[in-house]
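Scroll down for the structure; my scribbles are underneath it.
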Amino acid sequence: MPTVTVTENSPTSVTFSWTTSLPTTSMVQHTWDGSSTLYPNSWFYYDDKLTTNHSVTINNRFLPDVNQKFCVQSLSGLGWSITPLQTFKTQPINALFNGDFEASGLAWDQELGFGMGAIPWVKFGQATGIARDGTYPMHGIVSYSPTHSLIFEEGYSNAMNYSGAYQRIKVGTANVNQTYMLRAKALTYCEGLQSDVNNRLGIDPTGGTDPNSPTVVWGPWVSTSRAWQDAICAAIAGEGATNWNGYITVFLQTEHRWPLSLNLTMFDDVSLELAVPKTTIGDALWAQPGWPVDLGAGGNMIVTKTELLAEQTGIYKYAWIQSDDRANGIKVRLDKCANADEVVQGCRVRVRGNTNVRALMDPNWGEAEVVALKVDILGTDDDPIPLDMPNKSLSGAPIGIQRGANGAAGANNLGLLVKTTGRVTEVGVDGFTGKDYFLIDDGSNLQTPIHPPSGPDYVATGLKVYSPDDFPTLPAVGQYVSVIGASALEVYDPTPGLGAAAGVPNGSGDEILIRCLRLRNGNDWEVIPEP
């Protein structure tokens, strides 16, 4: 039996060399996905030229960083000669590979059904198509780049589907704590509503390959209606791992909500790079949703309030932070942080995470936020001096990805600690949130829609002030009070559930963003003498 030399040219390219005493043909049979046997997931290379010095190079037909099986076979005038089954291990990849899906990879023809070019992407879920021609003239769809003929595509007819592909990359333990950004072009189309099909990117900074793992950081869903748009996601390498081995995993995920006659979700031009996070709240608000941030590394960010909010998807802890110059503040979601319980009012913090803007489908989803991936507590300090302002100045106009209350004007102050005054015009319980509130009016004459626990909705005069859950004592109607808290937004939906039922991405379109102020504790309101 000949001795076979295996030379790994790259993680997806291997050369097999051997010699025979007689001129023979050359054939290599090999696995591509790390299977322990050659059947059923194996491929052949065959050359019928007769030679004694055999060299076969196979490109882009191996998943990286796994043990592969192979044998070589030679045919001479004396018959077939076959080596025993042997093993070699492909190298890991240290950078994202084949992000344009143009590399040749015949193994994926059989595995996924369409086209070439998928190696080293691995499917998950019910993925059925990858790296095929992305031109659909009858639907007005063309591939993203004129120089690219292939894309990742999930095309499904009459079926629901939550699936995609992943790629595992060894960035190395020296890059622990570095922020990586995954980018791609994304396109969706279906014969239903626009939000029935969606794409998003994800990163597991621990190197896991389960898309359902809580360690996966997901970027925003993208729904485009036949236009290529940017999709992004960022994560901190090694965050959440006990003993990190230097790997991260990137995911492309598609969502087909209904068994429509045509669903198309596509990705192209996927790239992974070290990120350049935004370091101020102001810059973060002008970046694309999903952009990474690194706020407060210099000790200039303080937590002014924390609160548990009950939402459609669960109960989550939030913090409101602001810079020392009081130029901007922002709401921070903490559920991915192991030390969330340690984040309290008065902490000076460094917050690393991604910006996020959610659909107007929940009362608490009005404001832009940071989904924190890591929070470092740098110390504690006194509360900042709140900004004094009249009722009507709360919220301010929209800025970048930060929304504003309906009809609001002036500088956006959402997330900042503010102080205002007014006469109490109403005390009640909100029917959407179940939280105690009171309304105050300083002459601004704000008209605030109210959804009571029972009975019809109505409009009342005043700024809505939410009381903390642990301090149920509220002022009485007619008292003139001063209040301090976080400037915030609330989503009022006059037709709750309509947007979700209709599949509208941002609600049903009749939502109203109203100003509100969130008290921190029972000392944040006091009765004051009449002005």
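Naming works like this for the structure tokens: A, B, ... for the chains as they're shown, residue 1 at the start of each chain, ligands 1 onward in shown order.
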
Per DSSP on the backbone, what are the strand (DSSP E or B) residues of stretch 351-531 of chain A, as a ChimeraX atom specification? /A:351-356,369-380,387-388,399,402,417-429,436-441,447-450,458-461,463-466,480-492,512-519,525-527

Please provide the set of residues having any atom within 10 Å of A:Ala409, restricted to only C-alpha atoms, with same-chain residues fewer than 5 positions apart removed, written as an NGL selection string. :A and (392-398 or 404)

List as a PyMOL selection string the protein and nucleic acid residues near A:Gly415, meaning an atom at most 8 Å away when only C-alpha atoms are counted, but skip any in the same chain fewer than 2 places from it. chain A and resi 320-322+328-331+413+417+486-488

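Minimum atom-to-atom distance to A:Tyr318, evaluated using only C-alpha atoms, belongs to A:Val370 out of A:Val370, A:Arg348, A:Gly455, A:Thr448.
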
A:Thr20, A:Phe70, A:Arg520, A:Val250 ranked by distance to A:Ser42, top pick (using only C-alpha atoms):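 Closest to A:Ser42 of all the choices is A:Phe70.
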
Near A:Ser454, counting only C-alpha atoms, which residues have an atom at most 12 Å away, once you skip same-chain residues fewer than 5 positions from it, shown as a list in words? Gly428, Val429, Asp430, Gly431, Phe432 and Gly434 of chain A
